[in-house]
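Here's run-v7.cif, which has mmCIF, N, CA and C atoms:
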data_entry
#
loop_
_atom_site.label_atom_id
_atom_site.label_comp_id
_atom_site.auth_asym_id
_atom_site.auth_seq_id
_atom_site.Cartn_x
_atom_site.Cartn_y
_atom_site.Cartn_z
N MET A 1 0.85 -1.18 0.00
CA MET A 1 0.00 0.00 0.00
C MET A 1 0.89 1.23 0.00
N PRO A 2 0.64 2.20 -0.92
CA PRO A 2 1.47 3.40 -0.99
C PRO A 2 1.40 4.22 0.29
N LYS A 3 2.48 4.90 0.54
CA LYS A 3 2.58 5.74 1.73
C LYS A 3 1.70 6.98 1.57
N ASN A 4 1.06 7.39 2.65
CA ASN A 4 0.25 8.61 2.62
C ASN A 4 1.15 9.82 2.44
N THR A 5 0.65 10.84 1.76
CA THR A 5 1.39 12.08 1.61
C THR A 5 0.95 13.05 2.69
N ASN A 6 1.83 13.96 3.02
CA ASN A 6 1.54 14.92 4.07
C ASN A 6 1.20 16.28 3.48
N TYR A 7 0.41 17.06 4.18
CA TYR A 7 0.12 18.42 3.79
C TYR A 7 -0.09 19.25 5.04
N LYS A 8 0.04 20.56 4.89
CA LYS A 8 -0.15 21.46 6.03
C LYS A 8 -1.51 22.12 5.93
N ASN A 9 -2.22 22.16 7.03
CA ASN A 9 -3.51 22.82 7.13
C ASN A 9 -3.49 23.66 8.40
N ASN A 10 -3.59 24.96 8.24
CA ASN A 10 -3.52 25.89 9.37
C ASN A 10 -2.23 25.70 10.16
N GLY A 11 -1.12 25.45 9.43
CA GLY A 11 0.17 25.32 10.08
C GLY A 11 0.43 23.94 10.66
N GLN A 12 -0.57 23.07 10.68
CA GLN A 12 -0.39 21.73 11.23
C GLN A 12 -0.14 20.74 10.09
N LYS A 13 0.78 19.82 10.33
CA LYS A 13 1.07 18.81 9.33
C LYS A 13 0.09 17.66 9.51
N ARG A 14 -0.61 17.29 8.43
CA ARG A 14 -1.59 16.21 8.48
C ARG A 14 -1.31 15.23 7.34
N LYS A 15 -1.76 14.01 7.52
CA LYS A 15 -1.60 13.00 6.48
C LYS A 15 -2.87 12.93 5.64
N LEU A 16 -2.66 12.78 4.33
CA LEU A 16 -3.79 12.53 3.44
C LEU A 16 -4.12 11.04 3.51
N PRO A 17 -5.38 10.69 3.56
CA PRO A 17 -5.73 9.27 3.57
C PRO A 17 -5.46 8.65 2.21
N TYR A 18 -5.26 7.35 2.21
CA TYR A 18 -5.05 6.62 0.96
C TYR A 18 -6.33 6.67 0.13
N ILE A 19 -6.18 6.89 -1.17
CA ILE A 19 -7.32 6.95 -2.07
C ILE A 19 -7.16 5.84 -3.11
N ASN A 20 -8.20 5.03 -3.26
CA ASN A 20 -8.24 3.98 -4.27
C ASN A 20 -9.33 4.34 -5.27
N ALA A 21 -8.99 4.39 -6.55
CA ALA A 21 -9.96 4.77 -7.58
C ALA A 21 -10.17 3.63 -8.56
N ARG A 22 -11.38 3.55 -9.10
CA ARG A 22 -11.68 2.58 -10.15
C ARG A 22 -12.66 3.21 -11.13
N ILE A 23 -12.60 2.74 -12.36
CA ILE A 23 -13.53 3.20 -13.38
C ILE A 23 -14.69 2.22 -13.40
N ASP A 24 -15.90 2.75 -13.22
CA ASP A 24 -17.11 1.92 -13.18
C ASP A 24 -17.60 1.59 -14.58
N ASN A 25 -17.63 2.59 -15.45
CA ASN A 25 -18.01 2.33 -16.84
C ASN A 25 -17.60 3.50 -17.73
N PHE A 26 -17.47 3.19 -19.02
CA PHE A 26 -17.14 4.18 -20.03
C PHE A 26 -18.42 4.66 -20.69
N VAL A 27 -18.39 5.89 -21.18
CA VAL A 27 -19.51 6.45 -21.93
C VAL A 27 -19.06 6.49 -23.39
N ASP A 28 -19.70 5.67 -24.24
CA ASP A 28 -19.30 5.57 -25.64
C ASP A 28 -20.23 6.35 -26.56
N ILE A 29 -20.57 7.56 -26.18
CA ILE A 29 -21.41 8.43 -27.00
C ILE A 29 -20.50 9.53 -27.54
N ASP A 30 -20.45 9.65 -28.86
CA ASP A 30 -19.48 10.54 -29.51
C ASP A 30 -19.58 12.00 -29.08
N ASP A 31 -20.79 12.55 -29.01
CA ASP A 31 -20.93 13.97 -28.73
C ASP A 31 -21.10 14.28 -27.24
N CYS A 32 -20.79 13.33 -26.37
CA CYS A 32 -20.93 13.50 -24.93
C CYS A 32 -19.58 13.88 -24.32
N ASN A 33 -19.57 14.89 -23.46
CA ASN A 33 -18.32 15.30 -22.80
C ASN A 33 -17.90 14.35 -21.69
N THR A 34 -18.85 13.59 -21.14
CA THR A 34 -18.51 12.62 -20.11
C THR A 34 -17.91 11.40 -20.79
N LYS A 35 -16.70 11.02 -20.37
CA LYS A 35 -16.00 9.89 -20.98
C LYS A 35 -16.09 8.63 -20.11
N ALA A 36 -16.21 8.80 -18.78
CA ALA A 36 -16.28 7.64 -17.89
C ALA A 36 -16.83 8.07 -16.54
N TYR A 37 -17.33 7.07 -15.81
CA TYR A 37 -17.76 7.27 -14.42
C TYR A 37 -16.81 6.49 -13.52
N ALA A 38 -16.45 7.10 -12.40
CA ALA A 38 -15.50 6.49 -11.48
C ALA A 38 -16.05 6.50 -10.07
N SER A 39 -15.46 5.65 -9.23
CA SER A 39 -15.73 5.63 -7.80
C SER A 39 -14.39 5.63 -7.08
N VAL A 40 -14.37 6.22 -5.90
CA VAL A 40 -13.15 6.19 -5.08
C VAL A 40 -13.52 5.76 -3.66
N THR A 41 -12.55 5.14 -3.01
CA THR A 41 -12.66 4.92 -1.57
C THR A 41 -11.57 5.74 -0.92
N VAL A 42 -11.91 6.38 0.16
CA VAL A 42 -10.99 7.27 0.86
C VAL A 42 -10.67 6.64 2.21
N GLY A 43 -9.41 6.32 2.38
CA GLY A 43 -8.96 5.76 3.65
C GLY A 43 -9.61 4.44 4.00
N GLY A 44 -10.15 3.74 3.03
CA GLY A 44 -10.82 2.47 3.28
C GLY A 44 -12.10 2.61 4.09
N ALA A 45 -12.59 3.86 4.22
CA ALA A 45 -13.75 4.09 5.07
C ALA A 45 -14.92 4.78 4.37
N ILE A 46 -14.64 5.58 3.38
CA ILE A 46 -15.67 6.36 2.69
C ILE A 46 -15.62 6.04 1.21
N ALA A 47 -16.79 5.84 0.59
CA ALA A 47 -16.87 5.62 -0.86
C ALA A 47 -17.59 6.80 -1.49
N ILE A 48 -17.09 7.25 -2.62
CA ILE A 48 -17.72 8.32 -3.38
C ILE A 48 -17.96 7.77 -4.79
N HIS A 49 -19.22 7.75 -5.21
CA HIS A 49 -19.59 7.26 -6.52
C HIS A 49 -20.05 8.44 -7.38
N GLY A 50 -20.07 8.23 -8.69
CA GLY A 50 -20.58 9.25 -9.60
C GLY A 50 -19.58 10.31 -9.98
N ILE A 51 -18.29 10.03 -9.76
CA ILE A 51 -17.25 10.95 -10.21
C ILE A 51 -17.13 10.76 -11.72
N ARG A 52 -17.01 11.86 -12.45
CA ARG A 52 -16.96 11.78 -13.91
C ARG A 52 -15.60 12.21 -14.45
N VAL A 53 -15.13 11.50 -15.47
CA VAL A 53 -13.99 11.95 -16.25
C VAL A 53 -14.60 12.67 -17.44
N MET A 54 -14.30 13.95 -17.55
CA MET A 54 -14.92 14.81 -18.55
C MET A 54 -13.88 15.28 -19.57
N ASN A 55 -14.35 15.58 -20.77
CA ASN A 55 -13.49 16.12 -21.80
C ASN A 55 -13.93 17.56 -22.08
N SER A 56 -12.95 18.44 -22.22
CA SER A 56 -13.24 19.84 -22.56
C SER A 56 -12.22 20.30 -23.59
N LYS A 57 -12.33 21.54 -23.99
CA LYS A 57 -11.37 22.10 -24.94
C LYS A 57 -9.95 22.09 -24.37
N LYS A 58 -9.85 22.16 -23.04
CA LYS A 58 -8.54 22.16 -22.39
C LYS A 58 -8.03 20.76 -22.11
N GLY A 59 -8.84 19.74 -22.32
CA GLY A 59 -8.42 18.36 -22.08
C GLY A 59 -9.30 17.67 -21.05
N LEU A 60 -8.85 16.51 -20.60
CA LEU A 60 -9.61 15.72 -19.63
C LEU A 60 -9.50 16.32 -18.23
N PHE A 61 -10.59 16.21 -17.46
CA PHE A 61 -10.57 16.63 -16.07
C PHE A 61 -11.55 15.79 -15.27
N VAL A 62 -11.42 15.84 -13.96
CA VAL A 62 -12.26 15.08 -13.05
C VAL A 62 -13.33 16.00 -12.48
N ALA A 63 -14.59 15.56 -12.56
CA ALA A 63 -15.72 16.33 -12.00
C ALA A 63 -16.35 15.52 -10.88
N MET A 64 -16.46 16.14 -9.75
CA MET A 64 -17.06 15.48 -8.59
C MET A 64 -18.58 15.39 -8.79
N PRO A 65 -19.23 14.43 -8.11
CA PRO A 65 -20.68 14.33 -8.24
C PRO A 65 -21.34 15.62 -7.73
N ALA A 66 -22.37 16.05 -8.45
CA ALA A 66 -23.02 17.31 -8.10
C ALA A 66 -24.52 17.23 -8.32
N ASN A 67 -25.24 18.02 -7.55
CA ASN A 67 -26.67 18.22 -7.78
C ASN A 67 -26.82 19.46 -8.65
N THR A 68 -27.81 19.45 -9.51
CA THR A 68 -28.09 20.63 -10.33
C THR A 68 -29.43 21.22 -9.93
N TYR A 69 -29.51 22.52 -10.05
CA TYR A 69 -30.77 23.20 -9.76
C TYR A 69 -30.81 24.49 -10.58
N VAL A 70 -32.00 25.03 -10.75
CA VAL A 70 -32.18 26.28 -11.47
C VAL A 70 -32.41 27.37 -10.43
N ASN A 71 -31.59 28.42 -10.49
CA ASN A 71 -31.73 29.51 -9.52
C ASN A 71 -32.87 30.44 -9.91
N GLU A 72 -33.08 31.49 -9.15
CA GLU A 72 -34.19 32.41 -9.38
C GLU A 72 -34.08 33.19 -10.69
N ASP A 73 -32.85 33.24 -11.26
CA ASP A 73 -32.65 33.91 -12.55
C ASP A 73 -32.82 32.95 -13.72
N GLY A 74 -33.16 31.69 -13.43
CA GLY A 74 -33.35 30.70 -14.48
C GLY A 74 -32.06 30.05 -14.96
N GLU A 75 -30.96 30.30 -14.25
CA GLU A 75 -29.68 29.73 -14.63
C GLU A 75 -29.47 28.40 -13.92
N THR A 76 -28.88 27.44 -14.64
CA THR A 76 -28.58 26.15 -14.03
C THR A 76 -27.34 26.29 -13.15
N GLN A 77 -27.44 25.84 -11.93
CA GLN A 77 -26.34 25.90 -10.97
C GLN A 77 -25.96 24.48 -10.55
N PHE A 78 -24.72 24.31 -10.12
CA PHE A 78 -24.23 23.01 -9.67
C PHE A 78 -23.77 23.14 -8.22
N SER A 79 -24.06 22.11 -7.45
CA SER A 79 -23.65 22.07 -6.05
C SER A 79 -22.99 20.71 -5.81
N ASP A 80 -21.68 20.71 -5.48
CA ASP A 80 -20.97 19.46 -5.26
C ASP A 80 -21.60 18.66 -4.12
N VAL A 81 -21.74 17.37 -4.34
CA VAL A 81 -22.22 16.47 -3.29
C VAL A 81 -21.07 16.15 -2.34
N ALA A 82 -19.89 15.96 -2.91
CA ALA A 82 -18.68 15.70 -2.13
C ALA A 82 -17.52 16.35 -2.85
N HIS A 83 -16.53 16.81 -2.10
CA HIS A 83 -15.37 17.42 -2.73
C HIS A 83 -14.20 17.41 -1.77
N PRO A 84 -12.98 17.41 -2.30
CA PRO A 84 -11.79 17.48 -1.44
C PRO A 84 -11.73 18.85 -0.75
N ILE A 85 -11.16 18.85 0.43
CA ILE A 85 -11.08 20.08 1.22
C ILE A 85 -9.85 20.91 0.87
N SER A 86 -8.73 20.25 0.62
CA SER A 86 -7.48 20.97 0.35
C SER A 86 -7.03 20.77 -1.09
N LYS A 87 -6.14 21.64 -1.52
CA LYS A 87 -5.56 21.54 -2.86
C LYS A 87 -4.81 20.22 -3.02
N GLU A 88 -4.09 19.83 -1.97
CA GLU A 88 -3.32 18.60 -2.02
C GLU A 88 -4.23 17.38 -2.15
N ALA A 89 -5.33 17.40 -1.41
CA ALA A 89 -6.29 16.29 -1.49
C ALA A 89 -6.94 16.24 -2.87
N ARG A 90 -7.27 17.40 -3.42
CA ARG A 90 -7.86 17.46 -4.77
C ARG A 90 -6.88 16.91 -5.80
N ASN A 91 -5.62 17.34 -5.71
CA ASN A 91 -4.61 16.86 -6.66
C ASN A 91 -4.44 15.35 -6.56
N MET A 92 -4.42 14.83 -5.35
CA MET A 92 -4.25 13.39 -5.16
C MET A 92 -5.45 12.63 -5.73
N LEU A 93 -6.66 13.09 -5.42
CA LEU A 93 -7.87 12.44 -5.93
C LEU A 93 -7.90 12.48 -7.46
N ASN A 94 -7.62 13.65 -8.03
CA ASN A 94 -7.61 13.79 -9.49
C ASN A 94 -6.59 12.85 -10.13
N SER A 95 -5.39 12.78 -9.56
CA SER A 95 -4.36 11.93 -10.16
C SER A 95 -4.73 10.46 -10.05
N LYS A 96 -5.33 10.04 -8.94
CA LYS A 96 -5.74 8.63 -8.78
C LYS A 96 -6.84 8.27 -9.78
N VAL A 97 -7.80 9.17 -9.96
CA VAL A 97 -8.90 8.90 -10.91
C VAL A 97 -8.34 8.86 -12.33
N MET A 98 -7.47 9.79 -12.69
CA MET A 98 -6.92 9.82 -14.04
C MET A 98 -6.02 8.61 -14.30
N GLU A 99 -5.27 8.16 -13.29
CA GLU A 99 -4.47 6.94 -13.43
C GLU A 99 -5.37 5.74 -13.70
N ALA A 100 -6.45 5.64 -12.94
CA ALA A 100 -7.40 4.54 -13.12
C ALA A 100 -8.04 4.61 -14.51
N TYR A 101 -8.34 5.83 -14.97
CA TYR A 101 -8.93 6.01 -16.29
C TYR A 101 -7.97 5.55 -17.38
N GLU A 102 -6.73 6.00 -17.31
CA GLU A 102 -5.74 5.63 -18.33
C GLU A 102 -5.52 4.12 -18.34
N GLN A 103 -5.45 3.50 -17.17
CA GLN A 103 -5.26 2.05 -17.09
C GLN A 103 -6.47 1.31 -17.65
N ALA A 104 -7.67 1.71 -17.27
CA ALA A 104 -8.88 1.05 -17.75
C ALA A 104 -9.04 1.25 -19.26
N LEU A 105 -8.68 2.43 -19.75
CA LEU A 105 -8.77 2.70 -21.18
C LEU A 105 -7.80 1.81 -21.96
N ALA A 106 -6.58 1.64 -21.45
CA ALA A 106 -5.60 0.77 -22.10
C ALA A 106 -6.10 -0.68 -22.11
N GLU A 107 -6.68 -1.13 -20.99
CA GLU A 107 -7.22 -2.49 -20.93
C GLU A 107 -8.37 -2.67 -21.90
N LYS A 108 -9.23 -1.66 -22.00
CA LYS A 108 -10.37 -1.72 -22.92
C LYS A 108 -9.87 -1.78 -24.36
N GLN A 109 -8.87 -0.99 -24.69
CA GLN A 109 -8.32 -1.01 -26.05
C GLN A 109 -7.69 -2.35 -26.37
N ASP A 110 -7.00 -2.96 -25.39
CA ASP A 110 -6.42 -4.29 -25.59
C ASP A 110 -7.51 -5.32 -25.86
N GLU A 111 -8.59 -5.25 -25.08
CA GLU A 111 -9.71 -6.17 -25.27
C GLU A 111 -10.35 -5.98 -26.65
N ASP A 112 -10.51 -4.73 -27.07
CA ASP A 112 -11.09 -4.43 -28.39
C ASP A 112 -10.21 -4.98 -29.50
N GLU A 113 -8.89 -4.86 -29.35
CA GLU A 113 -7.97 -5.38 -30.36
C GLU A 113 -8.06 -6.90 -30.43
N ILE A 114 -8.15 -7.58 -29.29
CA ILE A 114 -8.27 -9.04 -29.26
C ILE A 114 -9.56 -9.47 -29.94
N GLU A 115 -10.66 -8.75 -29.65
CA GLU A 115 -11.94 -9.06 -30.29
C GLU A 115 -11.87 -8.86 -31.80
N ASP A 116 -11.21 -7.77 -32.24
CA ASP A 116 -11.08 -7.50 -33.68
C ASP A 116 -10.26 -8.59 -34.36
N GLU A 117 -9.18 -9.04 -33.71
CA GLU A 117 -8.36 -10.11 -34.27
C GLU A 117 -9.16 -11.41 -34.37
N ALA A 118 -9.95 -11.70 -33.35
CA ALA A 118 -10.76 -12.92 -33.35
C ALA A 118 -11.80 -12.87 -34.47
N GLU A 119 -12.39 -11.69 -34.68
CA GLU A 119 -13.37 -11.54 -35.75
C GLU A 119 -12.70 -11.71 -37.12
N ASP A 120 -11.50 -11.13 -37.27
CA ASP A 120 -10.77 -11.26 -38.53
C ASP A 120 -10.42 -12.72 -38.83
N GLU A 121 -10.01 -13.45 -37.80
CA GLU A 121 -9.66 -14.86 -37.96
C GLU A 121 -10.89 -15.69 -38.31
N SER A 122 -12.02 -15.39 -37.67
CA SER A 122 -13.22 -16.19 -37.93
C SER A 122 -13.78 -15.92 -39.32
N GLU A 123 -13.53 -14.73 -39.88
CA GLU A 123 -13.97 -14.43 -41.24
C GLU A 123 -13.19 -15.26 -42.26
N GLY A 124 -11.96 -15.64 -41.92
CA GLY A 124 -11.12 -16.42 -42.82
C GLY A 124 -11.54 -17.88 -42.90
N PHE A 125 -12.28 -18.33 -41.90
CA PHE A 125 -12.72 -19.72 -41.88
C PHE A 125 -14.14 -19.80 -42.40
N THR A 126 -14.33 -20.60 -43.43
CA THR A 126 -15.68 -20.81 -43.95
C THR A 126 -15.95 -22.30 -43.94
N GLN A 127 -17.14 -22.59 -43.67
CA GLN A 127 -17.52 -24.00 -43.63
C GLN A 127 -17.92 -24.44 -45.03
N SER A 128 -17.39 -25.56 -45.44
CA SER A 128 -17.74 -26.07 -46.78
C SER A 128 -18.21 -27.51 -46.67
N MET A 129 -19.03 -27.90 -47.58
CA MET A 129 -19.54 -29.26 -47.60
C MET A 129 -19.18 -29.92 -48.87
#
Since I need it in another form, could you write the structure as structure tokens?
Amino acid sequence: MPKNTNYKNNGQKRKLPYINARIDNFVDIDDCNTKAYASVTVGGAIAIHGIRVMNSKKGLFVAMPANTYVNEDGETQFSDVAHPISKEARNMLNSKVMEAYEQALAEKQDEDEIEDEAEDESEGFTQSM
């Protein structure tokens, strides 16, 4: 298990809890900015589901689960359900989710290549009588 990293909060040194991230599923819709959904466990005690890996003009980023509502001006607003408290915690959570995304994406691509090869091989075999 990786060592916890330390950060300072109000002058006190504190340890960040271990974060484990996994990709729950990919979103395979071309015009959708959401690329995947992730879950994390924090310190082996808290689970957060509904984290999204999003694509924007600036690149991929992690979006925490949020509630949406329309304010009195008719504008859609977002309110995080859960979020990291410190910059260090946010950076650690983001990096863990992105690492899990890159790993799951590589595994998915490997599986797709194996399926494509199997399909190509099966096309070469024809049954004759």
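Take atom CA of Val40 of chain A and atom CA of Glu107 of chain A: the distance between them is 19.0 Å.
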>> I'd like the contact shell of segment 98-105 of chain A - 7 Å cut-off, all atoms listed in the file, skipping same-chain residues fewer than 5 positions apart - returned as a PyMOL selection string.
In response: chain A and resi 21-23+93+110
Generate a file of the selected residues that holds N, CA and C atoms, formatted as a short mmCIF file (atom, residue, chain, number, x, y, z; two decimals), in the frame of the given file.
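As a result, out.cif now contains:
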data_model
loop_
_atom_site.label_atom_id
_atom_site.label_comp_id
_atom_site.auth_asym_id
_atom_site.auth_seq_id
_atom_site.Cartn_x
_atom_site.Cartn_y
_atom_site.Cartn_z
N ALA A 21 -8.99 4.39 -6.55
CA ALA A 21 -9.96 4.77 -7.58
C ALA A 21 -10.17 3.63 -8.56
N ARG A 22 -11.38 3.55 -9.10
CA ARG A 22 -11.68 2.58 -10.15
C ARG A 22 -12.66 3.21 -11.13
N ILE A 23 -12.60 2.74 -12.36
CA ILE A 23 -13.53 3.20 -13.38
C ILE A 23 -14.69 2.22 -13.40
N LEU A 93 -6.66 13.09 -5.42
CA LEU A 93 -7.87 12.44 -5.93
C LEU A 93 -7.90 12.48 -7.46
N ASP A 110 -7.00 -2.96 -25.39
CA ASP A 110 -6.42 -4.29 -25.59
C ASP A 110 -7.51 -5.32 -25.86
#
> Looking only at the backbone, which of the residues in chain A does DSSP tag as strand (DSSP E), as an NGL selection string?
Replying inline: :A and (6-9 or 12-15 or 19-26 or 34-42 or 46-56 or 59-63 or 66-70 or 76-80)
Please produce an output containing N, CA and C atoms for each residue in the selection, written as a compact mmCIF listing (two decimals), in the coordinates of the input.
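Okay, this is what ended up in out09.txt:
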# COMPACT_ATOMS: atom_id res chain seq x y z
N ASN A 6 1.83 13.96 3.02
CA ASN A 6 1.54 14.92 4.07
C ASN A 6 1.20 16.28 3.48
N TYR A 7 0.41 17.06 4.18
CA TYR A 7 0.12 18.42 3.79
C TYR A 7 -0.09 19.25 5.04
N LYS A 8 0.04 20.56 4.89
CA LYS A 8 -0.15 21.46 6.03
C LYS A 8 -1.51 22.12 5.93
N ASN A 9 -2.22 22.16 7.03
CA ASN A 9 -3.51 22.82 7.13
C ASN A 9 -3.49 23.66 8.40
N GLN A 12 -0.57 23.07 10.68
CA GLN A 12 -0.39 21.73 11.23
C GLN A 12 -0.14 20.74 10.09
N LYS A 13 0.78 19.82 10.33
CA LYS A 13 1.07 18.81 9.33
C LYS A 13 0.09 17.66 9.51
N ARG A 14 -0.61 17.29 8.43
CA ARG A 14 -1.59 16.21 8.48
C ARG A 14 -1.31 15.23 7.34
N LYS A 15 -1.76 14.01 7.52
CA LYS A 15 -1.60 13.00 6.48
C LYS A 15 -2.87 12.93 5.64
N ILE A 19 -6.18 6.89 -1.17
CA ILE A 19 -7.32 6.95 -2.07
C ILE A 19 -7.16 5.84 -3.11
N ASN A 20 -8.20 5.03 -3.26
CA ASN A 20 -8.24 3.98 -4.27
C ASN A 20 -9.33 4.34 -5.27
N ALA A 21 -8.99 4.39 -6.55
CA ALA A 21 -9.96 4.77 -7.58
C ALA A 21 -10.17 3.63 -8.56
N ARG A 22 -11.38 3.55 -9.10
CA ARG A 22 -11.68 2.58 -10.15
C ARG A 22 -12.66 3.21 -11.13
N ILE A 23 -12.60 2.74 -12.36
CA ILE A 23 -13.53 3.20 -13.38
C ILE A 23 -14.69 2.22 -13.40
N ASP A 24 -15.90 2.75 -13.22
CA ASP A 24 -17.11 1.92 -13.18
C ASP A 24 -17.60 1.59 -14.58
N ASN A 25 -17.63 2.59 -15.45
CA ASN A 25 -18.01 2.33 -16.84
C ASN A 25 -17.60 3.50 -17.73
N PHE A 26 -17.47 3.19 -19.02
CA PHE A 26 -17.14 4.18 -20.03
C PHE A 26 -18.42 4.66 -20.69
N THR A 34 -18.85 13.59 -21.14
CA THR A 34 -18.51 12.62 -20.11
C THR A 34 -17.91 11.40 -20.79
N LYS A 35 -16.70 11.02 -20.37
CA LYS A 35 -16.00 9.89 -20.98
C LYS A 35 -16.09 8.63 -20.11
N ALA A 36 -16.21 8.80 -18.78
CA ALA A 36 -16.28 7.64 -17.89
C ALA A 36 -16.83 8.07 -16.54
N TYR A 37 -17.33 7.07 -15.81
CA TYR A 37 -17.76 7.27 -14.42
C TYR A 37 -16.81 6.49 -13.52
N ALA A 38 -16.45 7.10 -12.40
CA ALA A 38 -15.50 6.49 -11.48
C ALA A 38 -16.05 6.50 -10.07
N SER A 39 -15.46 5.65 -9.23
CA SER A 39 -15.73 5.63 -7.80
C SER A 39 -14.39 5.63 -7.08
N VAL A 40 -14.37 6.22 -5.90
CA VAL A 40 -13.15 6.19 -5.08
C VAL A 40 -13.52 5.76 -3.66
N THR A 41 -12.55 5.14 -3.01
CA THR A 41 -12.66 4.92 -1.57
C THR A 41 -11.57 5.74 -0.92
N VAL A 42 -11.91 6.38 0.16
CA VAL A 42 -10.99 7.27 0.86
C VAL A 42 -10.67 6.64 2.21
N ILE A 46 -14.64 5.58 3.38
CA ILE A 46 -15.67 6.36 2.69
C ILE A 46 -15.62 6.04 1.21
N ALA A 47 -16.79 5.84 0.59
CA ALA A 47 -16.87 5.62 -0.86
C ALA A 47 -17.59 6.80 -1.49
N ILE A 48 -17.09 7.25 -2.62
CA ILE A 48 -17.72 8.32 -3.38
C ILE A 48 -17.96 7.77 -4.79
N HIS A 49 -19.22 7.75 -5.21
CA HIS A 49 -19.59 7.26 -6.52
C HIS A 49 -20.05 8.44 -7.38
N GLY A 50 -20.07 8.23 -8.69
CA GLY A 50 -20.58 9.25 -9.60
C GLY A 50 -19.58 10.31 -9.98
N ILE A 51 -18.29 10.03 -9.76
CA ILE A 51 -17.25 10.95 -10.21
C ILE A 51 -17.13 10.76 -11.72
N ARG A 52 -17.01 11.86 -12.45
CA ARG A 52 -16.96 11.78 -13.91
C ARG A 52 -15.60 12.21 -14.45
N VAL A 53 -15.13 11.50 -15.47
CA VAL A 53 -13.99 11.95 -16.25
C VAL A 53 -14.60 12.67 -17.44
N MET A 54 -14.30 13.95 -17.55
CA MET A 54 -14.92 14.81 -18.55
C MET A 54 -13.88 15.28 -19.57
N ASN A 55 -14.35 15.58 -20.77
CA ASN A 55 -13.49 16.12 -21.80
C ASN A 55 -13.93 17.56 -22.08
N SER A 56 -12.95 18.44 -22.22
CA SER A 56 -13.24 19.84 -22.56
C SER A 56 -12.22 20.30 -23.59
N GLY A 59 -8.84 19.74 -22.32
CA GLY A 59 -8.42 18.36 -22.08
C GLY A 59 -9.30 17.67 -21.05
N LEU A 60 -8.85 16.51 -20.60
CA LEU A 60 -9.61 15.72 -19.63
C LEU A 60 -9.50 16.32 -18.23
N PHE A 61 -10.59 16.21 -17.46
CA PHE A 61 -10.57 16.63 -16.07
C PHE A 61 -11.55 15.79 -15.27
N VAL A 62 -11.42 15.84 -13.96
CA VAL A 62 -12.26 15.08 -13.05
C VAL A 62 -13.33 16.00 -12.48
N ALA A 63 -14.59 15.56 -12.56
CA ALA A 63 -15.72 16.33 -12.00
C ALA A 63 -16.35 15.52 -10.88
N ALA A 66 -22.37 16.05 -8.45
CA ALA A 66 -23.02 17.31 -8.10
C ALA A 66 -24.52 17.23 -8.32
N ASN A 67 -25.24 18.02 -7.55
CA ASN A 67 -26.67 18.22 -7.78
C ASN A 67 -26.82 19.46 -8.65
N THR A 68 -27.81 19.45 -9.51
CA THR A 68 -28.09 20.63 -10.33
C THR A 68 -29.43 21.22 -9.93
N TYR A 69 -29.51 22.52 -10.05
CA TYR A 69 -30.77 23.20 -9.76
C TYR A 69 -30.81 24.49 -10.58
N VAL A 70 -32.00 25.03 -10.75
CA VAL A 70 -32.18 26.28 -11.47
C VAL A 70 -32.41 27.37 -10.43
N THR A 76 -28.88 27.44 -14.64
CA THR A 76 -28.58 26.15 -14.03
C THR A 76 -27.34 26.29 -13.15
N GLN A 77 -27.44 25.84 -11.93
CA GLN A 77 -26.34 25.90 -10.97
C GLN A 77 -25.96 24.48 -10.55
N PHE A 78 -24.72 24.31 -10.12
CA PHE A 78 -24.23 23.01 -9.67
C PHE A 78 -23.77 23.14 -8.22
N SER A 79 -24.06 22.11 -7.45
CA SER A 79 -23.65 22.07 -6.05
C SER A 79 -22.99 20.71 -5.81
N ASP A 80 -21.68 20.71 -5.48
CA ASP A 80 -20.97 19.46 -5.26
C ASP A 80 -21.60 18.66 -4.12
>> Counting all atoms listed in the file, which residue out of A:Met92, A:Val81, A:Ala47, A:Val97 sits closest to Pro65 of chain A?
In response: A:Val81
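You will find atom CA of Glu111 of chain A at 14.6 Å from atom CA of Asn25 of chain A.
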> Mind telling me what the PyMOL selection byres (((chain A and resi 35 and name CA) around 12) and name CA) catches here, as a ChimeraX atom specification?
Replying inline: /A:23-34,36-38,51-56,59-63,98,101-102,104-105
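The list of residues with at least one atom within 12 Å of Ile19 of chain A, based on only C-alpha atoms and without residues fewer than 6 positions apart in the same chain, reads Met1, Pro2, Lys3, Asn4, Thr5, Ser39, Val40, Thr41, Val42, Gly43, Gly44, Ala45, Ile46, Ala47, Ile48, Pro84, Ala89, Arg90, Asn91, Met92, Leu93, Asn94, Ser95, Lys96, Val97, Glu99 and Ala100 of chain A.
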